[in-house]
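**Q** Just one file: input_30.csv, with CSV, C-alpha atoms and all ligand atoms.
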chain,number,residue,atom,x,y,z
H,1,MET,CA,0.0,0.0,0.0
H,2,ARG,CA,1.3,3.4,-0.9
H,3,PHE,CA,0.6,7.0,0.3
H,4,ASP,CA,1.2,9.2,-2.6
H,5,GLY,CA,1.5,12.9,-1.5
H,6,VAL,CA,-1.5,12.6,0.9
H,7,TRP,CA,-2.9,15.7,2.5
H,8,PHE,CA,-5.8,15.8,5.0
H,9,ARG,CA,-7.7,18.4,7.0
H,10,TYR,CA,-10.9,18.0,9.0
H,11,ALA,CA,-12.7,21.1,7.5
H,12,ARG,CA,-12.2,23.4,4.6
H,13,ARG,CA,-10.5,26.1,6.6
H,14,ALA,CA,-9.0,23.9,9.3
H,15,PRO,CA,-5.2,23.6,9.5
H,16,TRP,CA,-3.8,20.5,7.7
H,17,ALA,CA,-3.6,17.5,10.1
H,18,LEU,CA,-1.4,15.7,7.6
H,19,ARG,CA,0.7,17.3,4.9
H,20,GLU,CA,2.1,15.6,1.8
H,21,ALA,CA,2.6,12.1,3.4
H,22,ALA,CA,4.5,9.8,1.2
H,23,ALA,CA,5.4,6.3,2.3
H,24,SER,CA,4.7,2.6,1.6
H,25,VAL,CA,3.9,-0.5,3.5
H,26,GLU,CA,4.8,-3.9,2.1
H,27,PRO,CA,3.1,-7.2,2.8
H,28,GLY,CA,4.4,-8.8,6.0
H,29,GLN,CA,5.8,-5.4,7.2
H,30,THR,CA,5.1,-3.9,10.6
H,31,VAL,CA,5.1,-0.1,10.8
H,32,VAL,CA,5.1,1.6,14.2
H,33,VAL,CA,3.9,5.2,14.0
H,34,LEU,CA,5.5,7.4,16.7
H,35,GLY,CA,4.8,11.0,17.6
H,36,PRO,CA,3.5,13.2,20.3
H,37,ASN,CA,-0.2,13.8,21.1
H,38,GLY,CA,-2.0,15.7,18.4
H,39,ALA,CA,0.8,15.1,15.8
H,40,GLY,CA,-1.5,13.4,13.3
H,41,LYS,CA,-1.0,9.7,14.0
H,42,SER,CA,-4.7,8.8,14.3
H,43,THR,CA,-5.4,10.8,11.2
H,44,LEU,CA,-2.7,8.9,9.3
H,45,LEU,CA,-4.0,5.5,10.5
H,46,GLN,CA,-7.6,6.4,9.6
H,47,LEU,CA,-6.5,7.3,6.1
H,48,ALA,CA,-4.6,4.0,5.9
H,49,ALA,CA,-7.7,2.1,7.0
H,50,GLY,CA,-9.9,3.9,4.6
H,51,VAL,CA,-12.0,5.5,7.4
H,52,LEU,CA,-10.9,8.9,6.1
H,53,ARG,CA,-10.3,9.9,2.5
H,54,PRO,CA,-7.4,12.1,1.4
H,55,VAL,CA,-8.3,15.7,0.6
H,56,ARG,CA,-5.3,15.7,-1.8
H,57,GLY,CA,-3.2,12.8,-3.1
H,58,THR,CA,-4.0,9.1,-3.2
H,59,ILE,CA,-3.6,5.9,-1.3
H,60,ARG,CA,-2.9,3.0,-3.7
H,61,ASP,CA,-3.1,-0.8,-3.4
H,62,ARG,CA,-4.8,-1.0,0.0
H,63,PRO,CA,-5.3,-4.7,0.8
H,64,ARG,CA,-8.9,-5.9,0.3
H,65,THR,CA,-9.4,-7.0,4.0
H,66,VAL,CA,-8.6,-4.2,6.5
H,67,GLY,CA,-8.9,-4.7,10.2
H,68,TRP,CA,-9.3,-1.4,12.0
H,69,VAL,CA,-9.0,-1.0,15.8
H,70,PRO,CA,-9.8,2.7,16.7
H,71,GLU,CA,-8.2,4.3,19.8
H,72,ARG,CA,-11.5,4.0,21.5
H,73,PHE,CA,-14.0,1.3,20.6
H,74,PRO,CA,-17.5,2.8,20.0
H,75,ALA,CA,-19.3,0.8,22.7
H,76,ASP,CA,-22.6,2.7,22.4
H,77,GLN,CA,-24.3,0.0,20.4
H,78,PRO,CA,-27.3,-2.2,21.2
H,79,PHE,CA,-25.5,-5.6,21.3
H,80,THR,CA,-24.0,-7.8,23.9
H,81,ALA,CA,-20.3,-8.6,23.3
H,82,LEU,CA,-21.1,-12.0,21.9
H,83,GLY,CA,-24.0,-10.7,19.8
H,84,TYR,CA,-21.8,-8.0,18.3
H,85,LEU,CA,-18.9,-10.3,17.5
H,86,ARG,CA,-21.2,-13.0,16.0
H,87,ALA,CA,-23.0,-10.3,13.9
H,88,MET,CA,-19.7,-8.9,12.7
H,89,ALA,CA,-18.5,-12.4,11.9
H,90,GLU,CA,-21.6,-13.0,9.8
H,91,LEU,CA,-21.2,-9.7,8.0
H,92,ARG,CA,-17.6,-10.4,7.1
H,93,ARG,CA,-18.5,-14.0,6.1
H,94,ALA,CA,-16.1,-15.3,8.7
H,95,PRO,CA,-16.5,-18.9,10.0
H,96,ALA,CA,-19.0,-19.2,12.9
H,97,SER,CA,-16.2,-20.2,15.2
H,98,ALA,CA,-14.1,-17.0,14.5
H,99,ALA,CA,-15.9,-15.0,17.2
H,100,ASP,CA,-15.6,-17.8,19.8
H,101,ASP,CA,-11.9,-18.3,19.1
H,102,TRP,CA,-11.1,-14.6,19.8
H,103,ILE,CA,-13.4,-14.5,22.8
H,104,ASP,CA,-11.4,-17.3,24.2
H,105,ARG,CA,-8.0,-16.0,23.3
H,106,LEU,CA,-8.6,-12.4,24.6
H,107,GLY,CA,-10.2,-13.6,27.8
H,108,LEU,CA,-13.7,-12.3,27.0
H,109,THR,CA,-15.6,-15.4,28.0
H,110,GLU,CA,-17.1,-14.0,31.2
H,111,HIS,CA,-18.3,-10.8,29.4
H,112,THR,CA,-20.0,-12.4,26.4
H,113,GLY,CA,-23.5,-11.6,27.8
H,114,THR,CA,-22.7,-8.0,28.9
H,115,PRO,CA,-24.2,-5.2,26.8
H,116,LEU,CA,-21.4,-3.3,25.0
H,117,PRO,CA,-22.1,0.0,26.8
H,118,ALA,CA,-21.7,-1.7,30.2
H,119,LEU,CA,-18.2,-3.0,29.4
H,120,SER,CA,-15.1,-1.5,31.0
H,121,LYS,CA,-12.9,0.5,28.6
H,122,GLY,CA,-10.3,-2.3,28.5
H,123,THR,CA,-12.9,-5.0,27.8
H,124,ALA,CA,-14.5,-2.9,25.1
H,125,GLN,CA,-11.1,-2.5,23.6
H,126,LYS,CA,-10.7,-6.3,23.5
H,127,VAL,CA,-14.0,-6.5,21.6
H,128,GLY,CA,-12.7,-3.9,19.2
H,129,LEU,CA,-9.6,-5.9,18.7
H,130,ALA,CA,-11.5,-9.2,18.2
H,131,GLN,CA,-13.8,-7.7,15.6
H,132,ALA,CA,-10.7,-6.6,13.5
H,133,LEU,CA,-9.3,-10.1,13.5
H,134,LEU,CA,-12.5,-12.1,12.7
H,135,THR,CA,-11.1,-12.5,9.1
H,136,PRO,CA,-7.4,-12.5,8.7
H,137,PRO,CA,-6.6,-8.9,7.6
H,138,GLY,CA,-4.3,-8.0,4.7
H,139,LEU,CA,-3.8,-4.8,6.6
H,140,LEU,CA,-4.3,-4.5,10.4
H,141,VAL,CA,-4.4,-0.9,11.7
H,142,LEU,CA,-4.1,-0.5,15.4
H,143,ASP,CA,-4.4,2.9,17.0
H,144,GLU,CA,-2.8,2.8,20.4
H,145,PRO,CA,-3.9,-0.8,21.0
H,146,TRP,CA,-2.3,-0.9,24.5
H,147,GLU,CA,-4.5,1.9,25.9
H,148,GLY,CA,-6.9,0.6,28.5
H,149,LEU,CA,-5.8,-3.1,28.1
H,150,ASP,CA,-4.9,-5.1,31.1
H,151,ALA,CA,-1.2,-6.1,31.4
H,152,ARG,CA,-1.8,-9.7,30.2
H,153,ALA,CA,-3.8,-8.6,27.1
H,154,ARG,CA,-1.1,-6.1,26.3
H,155,THR,CA,1.4,-8.8,25.9
H,156,LEU,CA,-0.8,-10.6,23.3
H,157,ILE,CA,-0.5,-7.6,20.9
H,158,PRO,CA,3.1,-8.5,19.7
H,159,ASP,CA,2.0,-12.1,19.2
H,160,ILE,CA,-1.0,-11.1,17.1
H,161,VAL,CA,1.1,-8.7,15.1
H,162,ALA,CA,3.6,-11.4,14.4
H,163,GLU,CA,0.9,-13.9,13.3
H,164,ILE,CA,-0.6,-11.4,10.9
H,165,THR,CA,2.8,-10.5,9.3
H,166,ALA,CA,3.8,-14.1,9.1
H,167,THR,CA,0.9,-14.7,6.8
H,168,GLY,CA,1.8,-11.8,4.6
H,169,GLY,CA,-0.5,-9.2,6.2
H,170,ALA,CA,0.9,-5.7,7.0
H,171,VAL,CA,0.4,-4.0,10.3
H,172,LEU,CA,0.3,-0.3,11.1
H,173,VAL,CA,0.4,0.5,14.8
H,174,SER,CA,0.6,3.8,16.6
H,175,ASP,CA,2.3,4.1,19.9
H,176,HIS,CA,2.8,7.4,21.8
H,177,ARG,CA,4.0,5.7,25.0
H,178,GLY,CA,6.8,3.7,23.5
H,179,GLU,CA,5.5,0.2,24.3
H,180,ILE,CA,7.0,-1.2,21.2
H,181,ALA,CA,9.7,-3.2,22.8
H,182,GLY,CA,8.0,-6.4,21.7
H,183,LEU,CA,8.0,-5.5,18.0
H,184,PRO,CA,11.7,-5.6,17.2
H,185,GLU,CA,11.4,-6.1,13.4
H,186,ALA,CA,9.3,-3.0,12.9
H,187,THR,CA,9.9,0.0,10.6
H,188,HIS,CA,9.3,3.3,12.3
H,189,TRP,CA,7.4,6.3,11.0
H,190,SER,CA,7.5,9.5,12.9
H,191,VAL,CA,4.7,12.1,12.7
H,192,ALA,CA,5.3,15.6,14.0
H,193,ALA,CA,2.9,18.5,13.4
H,194,GLY,CA,1.3,16.8,10.4
H,195,ALA,CA,4.6,15.8,8.7
H,196,LEU,CA,5.4,12.2,8.2
H,197,ARG,CA,9.0,11.0,8.2
H,198,VAL,CA,10.1,7.4,7.5
H,199,GLU,CA,12.9,6.6,9.9
H,200,THR,CA,15.9,4.8,8.6
H,201,THR,CA,17.2,3.9,12.0
H,202,VAL,CA,15.3,2.7,15.1
H,203,PRO,CA,14.6,5.8,17.3
H,204,ALA,CA,16.4,6.0,20.6
H,205,ALA,CA,13.2,5.5,22.5
H,206,ALA,CA,12.7,2.1,21.0
H,207,ARG,CA,16.3,0.9,21.5
H,208,PRO,CA,17.5,-1.0,24.5
H,209,ASP,CA,20.2,1.0,26.2
H,210,ALA,CA,23.7,-0.6,26.3
H,211,ASP,CA,23.7,-0.1,30.1
H,212,GLU,CA,20.4,-1.8,30.7
H,213,VAL,CA,19.8,-5.3,32.1
H,214,VAL,CA,16.4,-7.1,32.4
H,215,VAL,CA,15.2,-7.8,35.9
H,216,GLU,CA,12.4,-10.4,36.1
H,217,ILE,CA,9.9,-10.2,38.9
H,218,ALA,CA,6.9,-12.3,39.8
H,219,VAL,CA,3.8,-10.8,41.3
H,220,PRO,CA,0.3,-12.2,42.1
H,221,ARG,CA,-1.8,-12.4,38.9
H,222,THR,CA,-4.3,-9.9,40.4
H,223,ALA,CA,-1.5,-7.4,41.1
H,224,ALA,CA,0.0,-7.4,37.6
H,225,ASP,CA,-1.7,-4.2,36.4
H,226,ASP,CA,-0.8,-2.3,39.5
H,227,ALA,CA,2.8,-3.5,39.4
H,228,VAL,CA,3.1,-2.4,35.7
H,229,VAL,CA,1.7,1.1,36.5
H,230,ARG,CA,3.9,1.5,39.6
H,231,LEU,CA,7.1,0.3,37.8
H,232,ARG,CA,6.4,2.8,34.9
H,233,GLU,CA,5.7,5.6,37.4
H,234,SER,CA,9.1,5.0,39.0
H,235,GLY,CA,10.8,5.3,35.6
H,236,HIS,CA,11.3,1.7,34.6
H,237,ARG,CA,10.6,0.3,31.1
H,238,VAL,CA,8.2,-2.6,31.4
H,239,LEU,CA,9.0,-5.0,28.5
H,240,GLY,CA,6.1,-7.5,29.0
H,241,VAL,CA,4.0,-9.6,31.3
H,242,ARG,CA,3.8,-13.4,30.9
H,243,GLU,CA,2.4,-16.5,32.5
H,244,ILE,CA,5.0,-18.6,34.3
H,245,LYS,CA,4.1,-22.1,33.4
H,246,ASP,CA,7.0,-24.5,34.1
H,247,PHE,CA,8.9,-22.2,36.4
H,248,ALA,CA,11.1,-24.2,38.7
H,249,VAL,CA,11.0,-22.7,42.2
H,250,ARG,CA,13.4,-24.0,44.8
H,251,PRO,CA,13.6,-27.8,44.2
H,252,GLU,CA,12.4,-30.0,47.0
H,253,PRO,CA,15.3,-31.8,48.6
H,254,PRO,CA,15.3,-35.6,48.1
H,255,ALA,CA,13.7,-37.6,50.9
H,256,GLY,CA,16.1,-37.9,53.8
H,257,ALA,CA,18.5,-35.3,52.4
H,258,ARG,CA,19.4,-32.1,54.3
H,259,TRP,CA,18.6,-28.8,52.6
H,260,GLU,CA,21.7,-26.7,52.3
H,261,GLY,CA,20.5,-23.9,50.1
H,262,PRO,CA,19.6,-20.5,51.3
H,263,ARG,CA,16.4,-20.3,53.5
H,301,LIG,N1,-12.4,14.8,14.3
H,301,LIG,C1,-11.6,15.8,14.3
H,301,LIG,N2,-12.1,17.0,13.9
H,301,LIG,C2,-11.3,18.1,13.9
H,301,LIG,N3,-10.0,18.1,14.2
H,301,LIG,C3,-9.4,16.9,14.5
H,301,LIG,C4,-10.2,15.7,14.6
H,301,LIG,N4,-9.4,14.7,14.9
H,301,LIG,C5,-8.2,15.2,15.1
H,301,LIG,N5,-8.2,16.5,14.8
H,301,LIG,C6,-7.0,17.4,14.9
H,301,LIG,O1,-6.0,16.9,13.9
H,301,LIG,C7,-4.7,17.0,14.5
H,301,LIG,C8,-4.1,15.6,14.5
H,301,LIG,O2,-4.8,14.8,15.4
H,301,LIG,P1,-4.6,13.2,15.6
H,301,LIG,O3,-5.7,12.7,16.4
H,301,LIG,O4,-4.4,12.6,14.3
H,301,LIG,O5,-3.2,13.2,16.4
H,301,LIG,P2,-2.6,12.0,17.2
H,301,LIG,O6,-1.1,12.1,16.9
H,301,LIG,O7,-3.2,10.7,16.9
H,301,LIG,O8,-2.8,12.4,18.7
H,301,LIG,P3,-3.2,11.4,20.0
H,301,LIG,O9,-1.9,10.7,20.3
H,301,LIG,O10,-3.5,12.5,21.0
H,301,LIG,O11,-4.3,10.6,19.5
H,301,LIG,C9,-4.9,17.6,15.9
H,301,LIG,O12,-4.7,19.0,15.8
H,301,LIG,C10,-6.3,17.3,16.2
H,301,LIG,O13,-6.8,18.4,17.1
Kindly return the structure encoded in the file as C-alpha cells.
Ligand SMILES: Nc1ncnc2c1ncn2[C@@H]1O[C@H](COP(=O)(O)OP(=O)(O)OP(=O)(O)O)[C@@H](O)[C@H]1O
**A**
Amino acid sequence: MRFDGVWFRYARRAPWALREAAASVEPGQTVVVLGPNGAGKSTLLQLAAGVLRPVRGTIRDRPRTVGWVPERFPADQPFTALGYLRAMAELRRAPASAADDWIDRLGLTEHTGTPLPALSKGTAQKVGLAQALLTPPGLLVLDEPWEGLDARARTLIPDIVAEITATGGAVLVSDHRGEIAGLPEATHWSVAAGALRVETTVPAAARPDADEVVVEIAVPRTAADDAVVRLRESGHRVLGVREIKDFAVRPEPPAGARWEGPR
C-alpha cells in the first residue's frame, strides 16, 4: 500500500492535520507510528484504514481486507459482546467459530452476555480488537492498542502482530508511550505537526540502552496491572507480562537429604 502525497484536514479552513505524506507498506511489514499527542498519528491511521479519504493525493493498493482498531472502541451499540462479534463475523463472512476463538483468546468469556455500553474500557477495547481479527486482515491498523488493556492482554499484541505479518499481512500501529519493545522487526514512521518521516534507524526511545539489564519479577496475577503502573511511574521500562508455566521454584530436597541452600 502506498501513500502518494497525501494531505488531509478535517474542515475546509482547518489547518492541515497531515501534509504531503509519502510512504509505503509492504506485505508482511510492521510499521510503528510514533509521535507526540496531536501530531497526526490517528489521522494517518484512519487514512490508511480507509476510514478517512485524502483531501489531496492518493492511497494506492490498499489490501482488500482491512482490520481497524480505533483508539476508543465505539461501545454505544445495542449488542452484547457476543451478539456484536457474531453479527460482525456473519457480516464479514467469517466462519462461525471465529468470534468464539477470539473471545477465548482475549479472555472475554465472562463478558459475552454483557451489553457493550456496560463493558469497562479495557474489555470494550478487546471486543474492538477481536472484531478486527475475525477474518485475517491483509492490513491491520491498530491505534494505540495498548491503551486501556490489562497487562496480560497487552502482551498478546506483539504475538497477534507477528501472526498477521507471518501470513503476509501488513500492520500499522501507533504508539505514543513507546510500548513497542515487543516489536523488534518494525519499521518506524514519525509524525510531527502533520509531517510524516520514514525513519531509517530505530529511534532511541525504542532501542535498549547498552547499560540496561532485564530484571524479572513475579507478582500475584491480580496485582500485575498495579505493578506495571507503579514500575512505569518510577521510571522503569516494562517489556512484557507473561504467564509462568514451568517455572522451577526451589527444588524439594530428596527424601532424607538435608537442605543446604539458602532459606
Ligand atoms: N475529528 C476531528 N475534527 C477536527 N480536528 C481533528 C479531529 N481529529 C483530530 N483533529 C485534529 O487533527 C490533528 C491531529 O490529530 P490526531 O488525532 O491525528 O493526532 P494523534 O497524533 O493521533 O494524537 P493522539 O496521540 O492524542 O491521539 C490535531 O490537531 C487534532 O486536534
**Q** Pick out the closest residue to Trp102 of chain H from this set: H:Leu156, H:Leu196, H:Ala75, H:Leu172. Count all atoms listed in the file.
**A**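 Selected residue with least distance to Trp102 of chain H: H:Leu156.
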**Q** How close does each residue of chain H get to ligand LIG 301 (chain H), giving the shortest atom pair and distance in Å to one decimal for every residue with an atom at most 6 Å away, counting all atoms listed in the file, sorted by chain and residue number, as CSV?
**A**
residue,atom,partner,partner_atom,distance
H:Tyr10,CA,H:LIG301,C2,4.9
H:Ala17,CA,H:LIG301,O1,4.5
H:Pro36,CA,H:LIG301,O6,5.8
H:Asn37,CA,H:LIG301,O10,3.5
H:Gly38,CA,H:LIG301,O8,3.4
H:Ala39,CA,H:LIG301,O6,3.7
H:Gly40,CA,H:LIG301,O4,3.2
H:Lys41,CA,H:LIG301,O6,3.8
H:Ser42,CA,H:LIG301,O7,3.6
H:Thr43,CA,H:LIG301,O4,3.7
H:His176,CA,H:LIG301,O9,5.9
**Q** If we count only C-alpha atoms and set the cut-off at 12 Å, which residues sit around Lys126 of chain H, ignoring sequence neighbours fewer than 2 positions away in its own chain? Please answer as a ChimeraX atom specification.
**A** /H:69-75,81-82,85,99,102-109,111-112,116,119-124,128-133,142,145-150,152-154,156-157
**Q** My list of candidates is H:Pro95, H:Glu26, H:Pro136, H:Thr187. Which is closest to Glu163 of chain H when distances are computed with all atoms listed in the file?
**A**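 Going through H:Pro95, H:Glu26, H:Pro136, H:Thr187 one by one, the smallest distance to Glu163 of chain H is for H:Pro136.
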**Q** Have a look at H:Ser190, H:Thr30, H:Ser97, H:Ser174 and name the one nearest to Ala162 of chain H; count only C-alpha atoms.
**A** H:Thr30
**Q** Please indicate the distance in Å from atom CA of Ala96 of chain H to atom CA of Leu134 of chain H, rounded to one decimal place.
**A** 9.6 Å
**Q** Using only C-alpha atoms, find the one residue out of H:Gly83, H:Pro137, H:Val191, H:Val219 that sits nearest to Thr165 of chain H.
**A**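 Between H:Gly83, H:Pro137, H:Val191, H:Val219, the residue approaching Thr165 of chain H most closely is H:Pro137.
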**Q** Report the distance between atom CA of Thr58 of chain H and atom CA of Gly35 of chain H in Å, rounded to one decimal place.
**A** 22.7 Å
**Q** Just to confirm, what's the straight-line distance from atom CA of Gly57 of chain H to atom CA of Gly5 of chain H in Å (one decimal)?
**A**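 Answer for the atom CA of Gly57 of chain H to atom CA of Gly5 of chain H separation: 5.0 Å.
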